[in-house]
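See below for the structure under consideration.
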Amino acid sequence: MDRQEFEALRDLPGKTIEGDIRFEPNSSTGRNLIFGDVPVRNDLNVDLVLNGTFKPDLPSVTYNFVVRGLGPICRVCVNGTKHGAAGRTHKHDLLRDTCPRQNLRGAAARPDLEGLNPTDVWETILKDANITHAGNLIVPP
Amino acid sequence: MECSEIRDAVRAFSLVQDCDTVASGALRIATPFEYPDGSQVDVFLRSVNNLFNQFELTDMAQTTTNLLDLQVKVWATKKRKQIVSDICEALSVQNRAGEFCVPINHIAEVPDGIVRLAQACIRVSDLMYTQRLLTPVALRDDVEEFLNAAEFNYEPSIEIPGPYGNPVSVDFGVFGPIRNSFILTIGTANSASAHPVANEVFKKWYDLSKVAKDRQFISLYDSRNDVLRNEDVARLGDVSQVFSFPEQQDEVRRALAA
């Protein structure tokens, strides 16, 4: 997937996610809560799925879009690991076709997301990416 | 002693690029080491016993969760679990439920602990190079994750003595409550190689039908690639149960549980 194809997918209207998304504990991720393989339906029929991680001890949240068989194409990290000048709250995007294999090395700072809770970050992503979520995002207290 | 009381001492170490306190009270230490994607490895110093001033350095499972962004589940296959165990043993790092930890009994141990823990994080994150691209190995990994998640008792890569002197290898042997099964996967995304691979699978089932009559034979092809000819699927159906995976994973589960 190149940058043009990524932008076409990102800007494509009518993308939908059906059902609730729940952050849940996993015996292999410490105290962090995760969800994975949530399908993002789209008219281009790209096999696009979403996974996320919430780290309550920091707190930090990550939402990551993956094209199955290709790799991640977009990821939002709030209060995550530092990524050079982009800091701890940033967005990774696919810039060239090697990016998914390298886990999206490039990132741009997103100060507008700093301090937001997982639900508010999610609402921002839905608006930016033209996605309708027919369900609820469930984050344990 | 709380972490906040030793923060100034920790900040003075040259390996500490930045240090702040997170919600849980632990110190978050940004190190100069980087994950393969260019993000800095954080290690966290937290108190485990205030009375005896015992601390531990931990990555708070950030390494494991970072790999999830590449759809690599560290816990999902025996091979990956063994690799992680070997890495931790070599560096004297503990693995607790996906968190990598190093006990700290004295503040002077912190720099060495940071180096060992960061090394473990980087080496484990190199599992990203086993990420599932569209390859035959990817389907086998997907099937193993499925078997693991469904809590089937299985063994990968089994060899059975064949009827003509050569051993026959299968991708998985699954030990069911009533019947045992062998699984072979056809994961190629290349239409040119799909037919020869299907023929090889047919040959294996033919051979095994003479020496393993009590086993159930299951052929799995990748539902994400439309490369298998209809006649190959039909031919395999004469010697095995054929399923499209992961599309028909419920049927596979029922067959294995029979």
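Labels used: A, B, ... for chains in the order of the structure tokens, numbers from 1 for residues in each chain, and numbers from 1 for ligands as shown.
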Give me, as a VMD selection string, the residues of chain B touching chain A, with the criterion being at most 8 Å (counting only C-alpha atoms). chain B and resid 22 to 24 30 36 to 42 60 to 61 64 to 65 68 to 71 75 96 to 99 132 to 134
Need to verify the contact set: Trp122 of chain A, 10 Å, only C-alpha atoms, exclusion of same-chain residues closer than 5 positions in sequence. Can you return it as a ChimeraX atom specification? /A:61-63,76,116-117,127-128,133,137
Rounded to one decimal, what separation in Å do you get between atom CA of Ser14 of chain B and atom CA of Val43 of chain B?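 Distance between the two atoms: 14.3 Å.
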Would you list, as a ChimeraX atom specification, the residues of segment 33-216 of chain B that end up in helix (DSSP H, G or I) under DSSP run on this structure's backbone? /B:62-68,78-91,107-130,136-149,191-211
